[in-house]
>>> print(open('data28.cif').read())   # mmCIF, N, CA and C atoms and all ligand atoms
data_my_file
#
loop_
_atom_site.group_PDB
_atom_site.id
_atom_site.type_symbol
_atom_site.label_atom_id
_atom_site.label_comp_id
_atom_site.auth_asym_id
_atom_site.auth_seq_id
_atom_site.Cartn_x
_atom_site.Cartn_y
_atom_site.Cartn_z
ATOM 1 N N MET A 21 -23.958 93.141 62.936
ATOM 2 C CA MET A 21 -24.776 93.610 61.796
ATOM 3 C C MET A 21 -25.509 94.895 62.152
ATOM 4 N N GLN A 22 -26.166 94.896 63.276
ATOM 5 C CA GLN A 22 -26.924 96.092 63.677
ATOM 6 C C GLN A 22 -26.006 97.274 63.928
ATOM 7 N N ILE A 23 -24.846 96.991 64.430
ATOM 8 C CA ILE A 23 -23.899 98.072 64.702
ATOM 9 C C ILE A 23 -23.429 98.714 63.392
ATOM 10 N N VAL A 24 -23.192 97.915 62.373
ATOM 11 C CA VAL A 24 -22.740 98.431 61.067
ATOM 12 C C VAL A 24 -23.820 99.321 60.450
ATOM 13 N N GLY A 25 -25.081 98.889 60.558
ATOM 14 C CA GLY A 25 -26.170 99.676 59.984
ATOM 15 C C GLY A 25 -26.263 101.038 60.635
ATOM 16 N N ALA A 26 -26.116 101.092 61.908
ATOM 17 C CA ALA A 26 -26.161 102.377 62.605
ATOM 18 C C ALA A 26 -25.000 103.246 62.172
ATOM 19 N N GLY A 27 -23.877 102.629 61.901
ATOM 20 C CA GLY A 27 -22.695 103.378 61.475
ATOM 21 C C GLY A 27 -22.907 104.021 60.120
ATOM 22 N N THR A 28 -23.579 103.338 59.181
ATOM 23 C CA THR A 28 -23.810 103.909 57.849
ATOM 24 C C THR A 28 -24.690 105.145 57.927
ATOM 25 N N GLN A 29 -25.699 105.118 58.746
ATOM 26 C CA GLN A 29 -26.571 106.292 58.870
ATOM 27 C C GLN A 29 -25.786 107.503 59.341
ATOM 28 N N ALA A 30 -24.864 107.263 60.224
ATOM 29 C CA ALA A 30 -24.063 108.365 60.741
ATOM 30 C C ALA A 30 -23.142 108.907 59.661
ATOM 31 N N GLU A 31 -22.610 108.032 58.808
ATOM 32 C CA GLU A 31 -21.655 108.449 57.781
ATOM 33 C C GLU A 31 -22.310 109.287 56.681
ATOM 34 N N VAL A 32 -23.598 109.145 56.452
ATOM 35 C CA VAL A 32 -24.287 109.919 55.420
ATOM 36 C C VAL A 32 -24.158 111.407 55.679
ATOM 37 N N TYR A 33 -24.164 111.789 56.947
ATOM 38 C CA TYR A 33 -24.068 113.205 57.284
ATOM 39 C C TYR A 33 -22.613 113.650 57.457
ATOM 40 N N GLY A 34 -21.692 112.771 57.192
ATOM 41 C CA GLY A 34 -20.286 113.068 57.435
ATOM 42 C C GLY A 34 -19.581 113.568 56.189
ATOM 43 N N PRO A 35 -18.243 113.505 56.198
ATOM 44 C CA PRO A 35 -17.372 113.940 55.098
ATOM 45 C C PRO A 35 -17.509 113.088 53.840
ATOM 46 N N PRO A 36 -16.830 113.429 52.736
ATOM 47 C CA PRO A 36 -16.936 112.796 51.415
ATOM 48 C C PRO A 36 -16.817 111.267 51.395
ATOM 49 N N LEU A 37 -16.148 110.660 52.299
ATOM 50 C CA LEU A 37 -15.926 109.214 52.260
ATOM 51 C C LEU A 37 -17.205 108.393 52.067
ATOM 52 N N PRO A 38 -18.283 108.629 52.808
ATOM 53 C CA PRO A 38 -19.490 107.804 52.641
ATOM 54 C C PRO A 38 -20.160 107.972 51.293
ATOM 55 N N SER A 39 -19.910 109.040 50.555
ATOM 56 C CA SER A 39 -20.566 109.253 49.255
ATOM 57 C C SER A 39 -20.232 108.117 48.292
ATOM 58 N N ASP A 40 -19.055 107.527 48.421
ATOM 59 C CA ASP A 40 -18.687 106.385 47.571
ATOM 60 C C ASP A 40 -19.630 105.213 47.813
ATOM 61 N N MET A 41 -20.008 105.005 49.047
ATOM 62 C CA MET A 41 -20.912 103.908 49.373
ATOM 63 C C MET A 41 -22.297 104.159 48.779
ATOM 64 N N VAL A 42 -22.743 105.402 48.789
ATOM 65 C CA VAL A 42 -24.054 105.739 48.230
ATOM 66 C C VAL A 42 -24.075 105.488 46.720
ATOM 67 N N GLU A 43 -23.014 105.858 46.033
ATOM 68 C CA GLU A 43 -22.952 105.625 44.587
ATOM 69 C C GLU A 43 -22.952 104.125 44.278
ATOM 70 N N GLY A 44 -22.265 103.361 45.100
ATOM 71 C CA GLY A 44 -22.189 101.921 44.888
ATOM 72 C C GLY A 44 -23.567 101.279 44.939
ATOM 73 N N THR A 45 -24.412 101.747 45.826
ATOM 74 C CA THR A 45 -25.749 101.161 45.935
ATOM 75 C C THR A 45 -26.651 101.614 44.798
ATOM 76 N N SER A 46 -26.405 102.806 44.229
ATOM 77 C CA SER A 46 -27.269 103.323 43.170
ATOM 78 C C SER A 46 -27.016 102.610 41.841
ATOM 79 N N VAL A 47 -25.904 101.891 41.708
ATOM 80 C CA VAL A 47 -25.584 101.193 40.461
ATOM 81 C C VAL A 47 -26.498 99.988 40.269
ATOM 82 N N GLN A 48 -26.904 99.376 41.343
ATOM 83 C CA GLN A 48 -27.679 98.141 41.238
ATOM 84 C C GLN A 48 -28.986 98.269 40.439
ATOM 85 N N PRO A 49 -29.818 99.298 40.680
ATOM 86 C CA PRO A 49 -31.069 99.407 39.918
ATOM 87 C C PRO A 49 -30.832 99.537 38.413
ATOM 88 N N SER A 50 -29.801 100.293 37.987
ATOM 89 C CA SER A 50 -29.564 100.489 36.557
ATOM 90 C C SER A 50 -29.170 99.179 35.882
ATOM 91 N N SER A 51 -28.449 98.315 36.583
ATOM 92 C CA SER A 51 -28.046 97.045 35.979
ATOM 93 C C SER A 51 -29.259 96.157 35.730
ATOM 94 N N ILE A 52 -30.274 96.287 36.544
ATOM 95 C CA ILE A 52 -31.498 95.510 36.352
ATOM 96 C C ILE A 52 -32.216 95.967 35.078
ATOM 97 N N VAL A 53 -32.203 97.268 34.814
ATOM 98 C CA VAL A 53 -32.851 97.800 33.616
ATOM 99 C C VAL A 53 -32.189 97.244 32.359
ATOM 100 N N VAL A 54 -30.859 97.116 32.380
ATOM 101 C CA VAL A 54 -30.129 96.594 31.224
ATOM 102 C C VAL A 54 -30.568 95.170 30.923
ATOM 103 N N ARG A 55 -30.773 94.375 31.953
ATOM 104 C CA ARG A 55 -31.174 92.983 31.748
ATOM 105 C C ARG A 55 -32.527 92.908 31.048
ATOM 106 N N ILE A 56 -33.451 93.812 31.394
ATOM 107 C CA ILE A 56 -34.780 93.810 30.779
ATOM 108 C C ILE A 56 -34.666 94.132 29.286
ATOM 109 N N GLU A 57 -33.796 95.099 28.920
ATOM 110 C CA GLU A 57 -33.633 95.456 27.512
ATOM 111 C C GLU A 57 -33.080 94.288 26.707
ATOM 112 N N GLU A 58 -32.154 93.526 27.292
ATOM 113 C CA GLU A 58 -31.560 92.403 26.575
ATOM 114 C C GLU A 58 -32.594 91.308 26.287
ATOM 115 N N SER A 59 -33.524 91.113 27.212
ATOM 116 C CA SER A 59 -34.497 90.036 27.044
ATOM 117 C C SER A 59 -35.474 90.332 25.909
ATOM 118 N N THR A 60 -35.659 91.622 25.558
ATOM 119 C CA THR A 60 -36.607 91.960 24.500
ATOM 120 C C THR A 60 -35.957 91.934 23.124
ATOM 121 N N GLU A 61 -34.621 91.932 23.051
ATOM 122 C CA GLU A 61 -33.937 92.011 21.753
ATOM 123 C C GLU A 61 -34.016 90.735 20.914
ATOM 124 N N PRO A 62 -33.685 89.571 21.465
ATOM 125 C CA PRO A 62 -33.590 88.376 20.602
ATOM 126 C C PRO A 62 -34.932 87.903 20.087
ATOM 127 N N THR A 63 -35.459 88.587 19.060
ATOM 128 C CA THR A 63 -36.704 88.163 18.435
ATOM 129 C C THR A 63 -36.445 88.043 16.937
ATOM 130 N N PRO A 64 -35.961 86.889 16.483
ATOM 131 C CA PRO A 64 -35.623 86.714 15.067
ATOM 132 C C PRO A 64 -36.835 86.865 14.172
ATOM 133 N N GLU A 65 -36.664 87.587 13.079
ATOM 134 C CA GLU A 65 -37.782 87.771 12.154
ATOM 135 C C GLU A 65 -38.080 86.445 11.463
ATOM 136 N N PRO A 66 -39.339 86.033 11.415
ATOM 137 C CA PRO A 66 -39.674 84.742 10.802
ATOM 138 C C PRO A 66 -39.400 84.755 9.300
ATOM 139 N N VAL A 67 -39.037 83.609 8.765
ATOM 140 C CA VAL A 67 -38.784 83.459 7.329
ATOM 141 C C VAL A 67 -40.106 83.142 6.644
ATOM 142 N N TYR A 68 -40.427 83.912 5.611
ATOM 143 C CA TYR A 68 -41.694 83.708 4.922
ATOM 144 C C TYR A 68 -41.471 83.015 3.573
ATOM 145 N N VAL A 69 -42.373 82.132 3.235
ATOM 146 C CA VAL A 69 -42.343 81.461 1.944
ATOM 147 C C VAL A 69 -43.754 81.518 1.355
ATOM 148 N N TYR A 70 -43.890 81.045 0.114
ATOM 149 C CA TYR A 70 -45.179 81.105 -0.562
ATOM 150 C C TYR A 70 -45.640 79.697 -0.918
ATOM 151 N N CYS A 71 -46.858 79.382 -0.550
ATOM 152 C CA CYS A 71 -47.390 78.036 -0.778
ATOM 153 C C CYS A 71 -48.695 78.134 -1.552
ATOM 154 N N ASN A 72 -48.725 77.503 -2.723
ATOM 155 C CA ASN A 72 -49.973 77.442 -3.472
ATOM 156 C C ASN A 72 -50.903 76.428 -2.840
ATOM 157 N N THR A 73 -52.175 76.790 -2.742
ATOM 158 C CA THR A 73 -53.146 75.874 -2.164
ATOM 159 C C THR A 73 -53.226 74.607 -3.011
ATOM 160 N N GLY A 74 -53.078 73.467 -2.356
ATOM 161 C CA GLY A 74 -53.100 72.194 -3.065
ATOM 162 C C GLY A 74 -51.748 71.797 -3.611
ATOM 163 N N GLY A 75 -50.755 72.675 -3.496
ATOM 164 C CA GLY A 75 -49.418 72.345 -3.991
ATOM 165 C C GLY A 75 -48.626 71.568 -2.962
ATOM 166 N N ARG A 76 -47.408 71.173 -3.332
ATOM 167 C CA ARG A 76 -46.582 70.392 -2.419
ATOM 168 C C ARG A 76 -45.298 71.120 -2.032
ATOM 169 N N ASN A 77 -44.965 72.177 -2.784
ATOM 170 C CA ASN A 77 -43.699 72.860 -2.533
ATOM 171 C C ASN A 77 -43.934 74.279 -2.008
ATOM 172 N N TYR A 78 -42.989 74.753 -1.221
ATOM 173 C CA TYR A 78 -43.003 76.171 -0.840
ATOM 174 C C TYR A 78 -41.944 76.899 -1.653
ATOM 175 N N HIS A 79 -42.212 78.163 -1.928
ATOM 176 C CA HIS A 79 -41.388 78.915 -2.871
ATOM 177 C C HIS A 79 -40.879 80.217 -2.276
ATOM 178 N N SER A 80 -39.833 80.742 -2.907
ATOM 179 C CA SER A 80 -39.401 82.099 -2.592
ATOM 180 C C SER A 80 -40.273 83.075 -3.389
ATOM 181 N N GLN A 81 -40.192 84.358 -3.014
ATOM 182 C CA GLN A 81 -41.110 85.334 -3.597
ATOM 183 C C GLN A 81 -40.932 85.470 -5.112
ATOM 184 N N GLU A 82 -39.704 85.282 -5.622
ATOM 185 C CA GLU A 82 -39.440 85.523 -7.043
ATOM 186 C C GLU A 82 -39.679 84.291 -7.907
ATOM 187 N N CYS A 83 -40.181 83.212 -7.329
ATOM 188 C CA CYS A 83 -40.379 81.981 -8.097
ATOM 189 C C CYS A 83 -41.503 82.159 -9.117
ATOM 190 N N LYS A 84 -41.349 81.480 -10.264
ATOM 191 C CA LYS A 84 -42.366 81.601 -11.314
ATOM 192 C C LYS A 84 -43.678 80.940 -10.920
ATOM 193 N N TYR A 85 -43.640 80.120 -9.882
ATOM 194 C CA TYR A 85 -44.865 79.458 -9.422
ATOM 195 C C TYR A 85 -45.612 80.263 -8.363
ATOM 196 N N VAL A 86 -45.080 81.424 -8.048
ATOM 197 C CA VAL A 86 -45.757 82.290 -7.074
ATOM 198 C C VAL A 86 -46.588 83.318 -7.825
ATOM 199 N N TYR A 87 -47.862 83.357 -7.499
ATOM 200 C CA TYR A 87 -48.776 84.263 -8.171
ATOM 201 C C TYR A 87 -49.301 85.299 -7.178
ATOM 202 N N GLU A 88 -50.111 86.220 -7.703
ATOM 203 C CA GLU A 88 -50.632 87.277 -6.841
ATOM 204 C C GLU A 88 -51.473 86.707 -5.700
ATOM 205 N N HIS A 89 -52.165 85.615 -5.976
ATOM 206 C CA HIS A 89 -53.059 85.058 -4.957
ATOM 207 C C HIS A 89 -52.373 84.013 -4.091
ATOM 208 N N THR A 90 -51.083 83.730 -4.356
ATOM 209 C CA THR A 90 -50.386 82.710 -3.574
ATOM 210 C C THR A 90 -50.217 83.190 -2.130
ATOM 211 N N PRO A 91 -50.721 82.417 -1.175
ATOM 212 C CA PRO A 91 -50.643 82.837 0.235
ATOM 213 C C PRO A 91 -49.207 82.832 0.733
ATOM 214 N N ARG A 92 -48.872 83.847 1.535
ATOM 215 C CA ARG A 92 -47.557 83.897 2.168
ATOM 216 C C ARG A 92 -47.691 83.372 3.586
ATOM 217 N N VAL A 93 -46.883 82.387 3.929
ATOM 218 C CA VAL A 93 -46.898 81.810 5.279
ATOM 219 C C VAL A 93 -45.471 81.763 5.809
ATOM 220 N N THR A 94 -45.336 81.541 7.085
ATOM 221 C CA THR A 94 -43.995 81.391 7.640
ATOM 222 C C THR A 94 -43.428 80.046 7.213
ATOM 223 N N LEU A 95 -42.112 79.976 7.125
ATOM 224 C CA LEU A 95 -41.455 78.731 6.732
ATOM 225 C C LEU A 95 -41.836 77.600 7.676
ATOM 226 N N ARG A 96 -41.958 77.936 8.962
ATOM 227 C CA ARG A 96 -42.333 76.917 9.950
ATOM 228 C C ARG A 96 -43.699 76.315 9.625
ATOM 229 N N LYS A 97 -44.661 77.187 9.295
ATOM 230 C CA LYS A 97 -45.994 76.688 8.971
ATOM 231 C C LYS A 97 -45.967 75.822 7.725
ATOM 232 N N ALA A 98 -45.194 76.234 6.742
ATOM 233 C CA ALA A 98 -45.115 75.476 5.498
ATOM 234 C C ALA A 98 -44.550 74.077 5.745
ATOM 235 N N VAL A 99 -43.502 74.003 6.544
ATOM 236 C CA VAL A 99 -42.884 72.704 6.830
ATOM 237 C C VAL A 99 -43.843 71.836 7.637
ATOM 238 N N GLU A 100 -44.520 72.471 8.587
ATOM 239 C CA GLU A 100 -45.467 71.715 9.414
ATOM 240 C C GLU A 100 -46.627 71.195 8.582
ATOM 241 N N ALA A 101 -46.950 71.898 7.493
ATOM 242 C CA ALA A 101 -48.030 71.462 6.609
ATOM 243 C C ALA A 101 -47.520 70.522 5.524
ATOM 244 N N SER A 102 -46.297 69.990 5.718
ATOM 245 C CA SER A 102 -45.701 68.983 4.825
ATOM 246 C C SER A 102 -45.336 69.535 3.458
ATOM 247 N N TYR A 103 -45.161 70.868 3.366
ATOM 248 C CA TYR A 103 -44.634 71.425 2.123
ATOM 249 C C TYR A 103 -43.132 71.185 2.089
ATOM 250 N N THR A 104 -42.608 70.942 0.903
ATOM 251 C CA THR A 104 -41.168 70.734 0.752
ATOM 252 C C THR A 104 -40.580 71.844 -0.114
ATOM 253 N N LYS A 105 -39.282 71.982 -0.047
ATOM 254 C CA LYS A 105 -38.582 73.057 -0.739
ATOM 255 C C LYS A 105 -38.704 72.916 -2.253
ATOM 256 N N CYS A 106 -39.043 74.006 -2.906
ATOM 257 C CA CYS A 106 -39.184 73.995 -4.364
ATOM 258 C C CYS A 106 -37.829 73.785 -5.025
ATOM 259 N N PRO A 107 -37.741 72.872 -6.000
ATOM 260 C CA PRO A 107 -36.454 72.621 -6.671
ATOM 261 C C PRO A 107 -36.116 73.655 -7.738
ATOM 262 N N TYR A 108 -37.042 74.563 -8.055
ATOM 263 C CA TYR A 108 -36.822 75.504 -9.148
ATOM 264 C C TYR A 108 -36.440 76.903 -8.675
ATOM 265 N N CYS A 109 -36.608 77.187 -7.405
ATOM 266 C CA CYS A 109 -36.246 78.512 -6.904
ATOM 267 C C CYS A 109 -35.386 78.335 -5.657
ATOM 268 N N ASN A 110 -34.728 79.387 -5.269
ATOM 269 C CA ASN A 110 -33.854 79.289 -4.092
ATOM 270 C C ASN A 110 -34.636 79.588 -2.822
ATOM 271 N N ALA A 111 -35.666 78.799 -2.582
ATOM 272 C CA ALA A 111 -36.436 78.942 -1.355
ATOM 273 C C ALA A 111 -35.558 78.573 -0.162
ATOM 274 N N PRO A 112 -35.793 79.189 0.986
ATOM 275 C CA PRO A 112 -34.976 78.866 2.165
ATOM 276 C C PRO A 112 -35.152 77.419 2.580
ATOM 277 N N ASP A 113 -34.064 76.823 3.023
ATOM 278 C CA ASP A 113 -34.123 75.441 3.488
ATOM 279 C C ASP A 113 -34.902 75.374 4.801
ATOM 280 N N SER A 114 -35.443 74.206 5.102
ATOM 281 C CA SER A 114 -36.228 74.061 6.331
ATOM 282 C C SER A 114 -35.370 74.303 7.562
ATOM 283 N N SER A 115 -34.063 74.224 7.420
ATOM 284 C CA SER A 115 -33.172 74.488 8.552
ATOM 285 C C SER A 115 -33.104 75.967 8.895
ATOM 286 N N ALA A 116 -33.747 76.816 8.067
ATOM 287 C CA ALA A 116 -33.742 78.254 8.314
ATOM 288 C C ALA A 116 -34.688 78.627 9.448
ATOM 289 N N ILE A 117 -35.410 77.655 9.976
ATOM 290 C CA ILE A 117 -36.280 77.918 11.121
ATOM 291 C C ILE A 117 -35.410 78.049 12.368
ATOM 292 N N PHE A 118 -35.454 79.217 12.984
ATOM 293 C CA PHE A 118 -34.522 79.496 14.065
ATOM 294 C C PHE A 118 -35.005 78.974 15.411
ATOM 295 N N ASP A 119 -36.290 79.017 15.644
ATOM 296 C CA ASP A 119 -36.754 78.705 16.998
ATOM 297 C C ASP A 119 -36.988 77.234 17.171
HETATM 298 ZN ZN ZN B 201 -40.395 77.741 -6.432
#
>>> encode(input="data28.cif", output="structure tokens", more="lines below")
Ligand SMILES: [Zn+2]
Amino acid sequence: MQIVGAGTQAEVYGPPLPSDMVEGTSVQPSSIVVRIEESTEPTPEPVYVYCNTGGRNYHSQECKYVYEHTPRVTLRKAVEASYTKCPYCNAPDSSAIFD
């Protein structure tokens, strides 16, 4: 092992052959950067629905039961608060919760 390491130092000052080894080692840091970018991508946008205070159903934005003061919450929050899908509008199903 120690003999090989000494040999690499000598090759750096030599002919073109060792340059291939230098490029091979420089690839490793860039591959790590790619992994970091991938980890930040998968962030699904939450599904929002509208729940009237005191009501039992959650609605899509175009539902006739949605008013200006109707609070907008995430579908997850609505389901957790025991709201159920409105039968009159095409509100997203509770299975639309991705996480
Ligand atoms: Zn509705």
>>> residues_near_ligand(input="data28.cif", ligand="ligand ZN 201 (chain B)", cutoff="5 Å", atoms="only N, CA and C atoms and all ligand atoms", output="list in words")
His79, Ser80, Cys83, Cys106, Tyr108 and Cys109 of chain A
>>> residues_near_point(input="data28.cif", point="(-48.2, 77.3, 0.8)", cutoff="8 Å", atoms="only C-alpha atoms", output="list in words")
Val69, Tyr70, Cys71, Asn72, Thr73, Gly75, Arg76, Asn77, Tyr78, His79, Thr90, Pro91, Arg92, Val93, Ala98 and Tyr103 of chain A
>>> axis_aligned_box(input="data28.cif", around="stretch 84-88 of chain A", padding_each_side="3 Å", output="lines of an AutoDock Vina configuration file")
center_x = -46.4
center_y = 83.4
center_z = -8.5
size_x = 16.1
size_y = 13.8
size_z = 11.6
>>> atom_distance(input="data28.cif", atom1="atom C of A:Ser115", atom2="atom CA of A:Gln81")
17.5 Å
>>> closest_residue(input="data28.cif", among="A:Thr94, A:His89, A:Pro66, A:Lys84", to="A:Pro107", atoms="only C-alpha atoms")
A:Lys84
>>> atom_distance(input="data28.cif", atom1="atom CA of A:Lys97", atom2="atom N of A:Thr63")
18.8 Å
>>> resolve_selection(input="data28.cif", expression="the PyMOL selection byres (((chain A and resi 117) around 8) and not hetatm)", output="list in words")
Pro66, Val67, Leu95, Arg96, Pro112, Asp113, Ser114, Ser115, Ala116, Phe118 and Asp119 of chain A
>>> atom_distance(input="data28.cif", atom1="atom N of A:Glu88", atom2="atom N of A:Pro64")
28.0 Å
